[in-house]
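Q: Here it is, the structure, as structure tokens.
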Amino acid sequence: MPEEGVPLTPTSKLLSEAEIVRVGKLFISQGVDKIRFTGGEPLIRKELPSIISQLSQLNLKSIGITTNGLLLSRYLTELLANGLTHLNISLDSLNPKLFEKISRRPSKAWFKVWEAIEMAQLSPLKELKLNVVVMKGINESELCDFVELTKERDIDIRFIEYMPFTGNKWDLSKMVPYNEMVSIIQQKYPELKKLDDSVHHTAKAYQIPGHRGKFGFITSMSEHFCGGCNRLRITADGNLKVCLFGNTEVSLRDVIRSGATDDDLLSLIGLGVKRKHAKHAGMMNLSKMENRPMILIDSRSISQRILIRNEGNILIRNDNSDRLQSRQGSRRLFSNSKNPKLSRKNTGLTHLDTDGKVKMVDVSGKKMTTREAVAIGEVTLSEEAFHAVQENKLKKGDVLTISQIAGIIGGKQTSNLIPLCHPLPLSKIDVDLSLEPETNTIKIRSIAKTTSNTGVEMEALTAVAVAALTVYDMCKAIDKGIIIKEIKLLKKTGGKSDYNFQN
């Protein structure tokens, strides 16, 4: 915890119990078989036992929590009854006075944590781990004391290299690298044995022959394990983080509350995972990056809020105003008043009746066919903005991923955005954004598909338009001259009259 503390998030901005369970079930449906609730401190959520109970009834190999242990003795029995199988307890010192200095909690709190550890050892848990962040000049002298705990206890000690997060005043001189920790332990236990690590390991495992327990090292700084990492994180406020050290986050909460389907969420999650980098930025670069500590529930939203639902309407919010303003001098496309000069008869517009009044076209007599439409568009940026997008350095997040997701959702919401469009059962909507460095341009292409009695060209065009507007919104702080252009239908098939403008 930073010295100055952290600003807590209003409950309304946190994922609710139902939202947590929904997201958990989605991940499980895609093959995830291990879930762990971490912090901040998960035990401050009174509904945690209920959440664990609901998820533990599904096809999970393990469901665990990581806790500071202060409240654990109060809730452990209930958690076990509801399906808890694995437990990690954070404890950086076996000395109550040093614990007080590190944790900024009274030394008597150490005894509460130790009581919880003793209870956990006697419980039917499948696995108990202690997490120890090792800092030079502070607690590295206790390495062997922690290893000694494994002699008579079936416990797994995890020594964690000191990592940089916003507010923790990370200093390279305080970090004890993995090899140095091994050397310190080896001086007392020369017989220590390296164990085999799994493909997706996060810790390098060791054991002292004859000891019941084991210990390992999480070497995020000195020897990253990014290549085998298969972890995804959802923050308490609902943001997806594909890397603990990445400052790019995508809000699942906002998409859930905009009325997204499970398929929408799976698409969003899939897009985020596909953009996961092969490795993090490196120790010294990480120390310069802004990245909220896990203790921080939410002091600001890094993710772009794509859509806001307002009594059934999808609105795009202006950062400077919550009001929707009309542009002066804009041409009205439809009129609700009777106008003898404007009617279907003298204009050929199918959305107008003989009196010039707006109406939705009746498509019930049209043939049900498989229809597809392709639309394209472009966004031209300044060189500075283009490079910020290319290198993923914008504070609002990953422009390409968020704009892609916004375009997909926008295409699905076409009938809510365009008054006279029919709601269609879309079988496919894809949005692709590609970079053209020669012209500092982002090219957008969408494909929409349905089996229905009317076409999907509006869905394809809306997807491109919303994606382009999202790029604009995310880049406007550093580029006032953004140009959105060439939004057009490329082709449509499956209807009475097919078009192909590709030639």
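So you can find residues: chains in the structure tokens are A, B, ... in the order shown, residues in each start at 1, and ligands are numbered from 1 in order.
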Do a neighbour search on region 87-102 of chain A at 9 Å with only C-alpha atoms, toss out local chain neighbours closer than 2 positions, and write the hits as a ChimeraX atom specification.
A: /A:36,38,63-69,84-85,104-111,113-114,116-117,120,125-134,138-139,142,145-146
Q: So, with only C-alpha atoms as the atoms that count, which of A:Glu223, A:Asp237, A:Glu115, A:Glu140 lies closest to Tyr178 (chain A)?
A: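 Of A:Glu223, A:Asp237, A:Glu115, A:Glu140, the one nearest Tyr178 (chain A) is A:Glu223, counting only C-alpha atoms.
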Q: Do you know which residues are at most 10 Å from region 402-410 of chain A counting only C-alpha atoms, after dropping those on the same chain fewer than 6 positions away, and could you put them as a PyMOL selection string?
A: chain A and resi 249-251+255+258-261+264-265+267-269+271-272+303-307+314+396+416-417+428-433+444-448+459-474
Q: Can you spit out the residues from that selection as a CSV table (one decimal), in the first residue's frame, using C-alpha atoms?
A:
```csv
chain,number,residue,atom,x,y,z
A,249,GLU,CA,-7.1,-2.1,-20.0
A,250,VAL,CA,-10.5,-2.7,-21.7
A,251,SER,CA,-13.7,-2.3,-19.7
A,255,VAL,CA,-19.8,-3.2,-22.2
A,258,SER,CA,-24.5,-1.2,-22.2
A,259,GLY,CA,-26.5,-4.4,-22.7
A,260,ALA,CA,-23.9,-6.5,-24.4
A,261,THR,CA,-24.6,-10.2,-25.0
A,264,ASP,CA,-20.2,-9.5,-27.4
A,265,LEU,CA,-18.1,-10.1,-24.3
A,267,SER,CA,-15.5,-11.1,-28.8
A,268,LEU,CA,-14.1,-8.3,-26.6
A,269,ILE,CA,-12.1,-10.7,-24.5
A,271,LEU,CA,-9.6,-9.3,-29.1
A,272,GLY,CA,-7.8,-8.3,-26.0
A,303,SER,CA,-10.1,2.2,-20.5
A,304,GLN,CA,-12.2,4.0,-23.1
A,305,ARG,CA,-15.9,4.0,-22.4
A,306,ILE,CA,-17.3,3.0,-25.7
A,307,LEU,CA,-21.1,3.3,-25.2
A,314,ILE,CA,-27.1,4.4,-27.4
A,396,LYS,CA,-6.9,6.0,-22.9
A,416,ASN,CA,-31.1,1.8,-32.2
A,417,LEU,CA,-28.9,4.4,-33.8
A,428,LYS,CA,-21.5,-12.2,-38.4
A,429,ILE,CA,-20.0,-8.8,-37.9
A,430,ASP,CA,-16.2,-8.3,-38.2
A,431,VAL,CA,-14.3,-5.0,-38.0
A,432,ASP,CA,-10.6,-4.8,-39.0
A,433,LEU,CA,-8.3,-1.9,-38.5
A,444,ILE,CA,-11.2,0.4,-41.4
A,445,ARG,CA,-13.1,-2.5,-43.0
A,446,SER,CA,-16.2,-4.2,-41.8
A,447,ILE,CA,-18.2,-7.2,-43.0
A,448,ALA,CA,-21.8,-7.8,-41.8
A,459,GLU,CA,-24.8,-2.4,-40.2
A,460,ALA,CA,-21.5,-2.6,-42.1
A,461,LEU,CA,-21.5,1.2,-42.6
A,462,THR,CA,-22.4,1.9,-38.9
A,463,ALA,CA,-19.6,-0.4,-37.7
A,464,VAL,CA,-17.0,1.5,-39.8
A,465,ALA,CA,-18.4,4.9,-38.6
A,466,VAL,CA,-18.4,4.0,-34.9
A,467,ALA,CA,-14.9,2.6,-35.2
A,468,ALA,CA,-13.7,5.7,-36.9
A,469,LEU,CA,-15.4,8.0,-34.3
A,470,THR,CA,-13.7,5.9,-31.5
A,471,VAL,CA,-10.3,6.5,-33.1
A,472,TYR,CA,-11.1,10.2,-33.2
A,473,ASP,CA,-12.2,10.3,-29.6
A,474,MET,CA,-9.1,8.5,-28.3
```
Q: Could you pull the residues within 12 Å of Tyr499 (chain A), counting only C-alpha atoms, minus those fewer than 3 positions along the same chain, as a ChimeraX atom specification?
A: /A:371-375,455,457,489-496,502-503
Q: A:Arg233, A:His200, A:Lys34, A:Arg22: which is nearest Gln54 (chain A), counting only C-alpha atoms?
A: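 Nearest to Gln54 (chain A): A:Arg22.
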Q: Using only C-alpha atoms, which of the listed residues (A:Ile208, A:Thr77, A:Gly39, A:Gly137) sits closest to Ser173 (chain A)?
A: A:Gly137
Q: Closest to Ala18 (chain A) among A:Ile256, A:Ile157, A:Leu149, A:Leu70, using only C-alpha atoms?
A: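 Among the listed residues, A:Ile256 lies closest to Ala18 (chain A).
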Q: Quick check, in Å to one decimal: how far apart do CA of Thr150 (chain A) and CA of Phe215 (chain A) lie?
A: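 Between these atoms lies a distance of 7.7 Å.
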Q: Would you mind listing what lies within 10 Å of Ile478 (chain A) as a compact mmCIF listing (two decimals) with N, CA and C atoms, in the first residue's frame, with only C-alpha atoms counted and same-chain residues fewer than 4 positions away left out?
A:
```txt
# COMPACT_ATOMS: atom_id res chain seq x y z
N LEU A 381 -4.34 10.69 -39.37
CA LEU A 381 -3.85 11.31 -38.15
C LEU A 381 -2.57 12.10 -38.42
N SER A 382 -2.22 12.93 -37.47
CA SER A 382 -0.90 13.56 -37.51
C SER A 382 0.16 12.49 -37.27
N GLU A 384 2.47 12.46 -35.04
CA GLU A 384 2.59 12.20 -33.60
C GLU A 384 1.51 11.24 -33.13
N ALA A 385 0.26 11.51 -33.52
CA ALA A 385 -0.85 10.67 -33.08
C ALA A 385 -0.73 9.27 -33.67
N ALA A 388 1.76 7.29 -31.76
CA ALA A 388 1.23 6.94 -30.44
C ALA A 388 0.30 5.74 -30.53
N LEU A 394 -1.05 5.66 -25.95
CA LEU A 394 -2.10 6.59 -25.52
C LEU A 394 -2.65 6.19 -24.17
N MET A 474 -10.31 8.91 -29.09
CA MET A 474 -9.14 8.48 -28.32
C MET A 474 -7.89 9.28 -28.67
N ILE A 482 -7.67 15.64 -37.02
CA ILE A 482 -8.01 14.29 -37.49
C ILE A 482 -9.05 14.37 -38.61
```
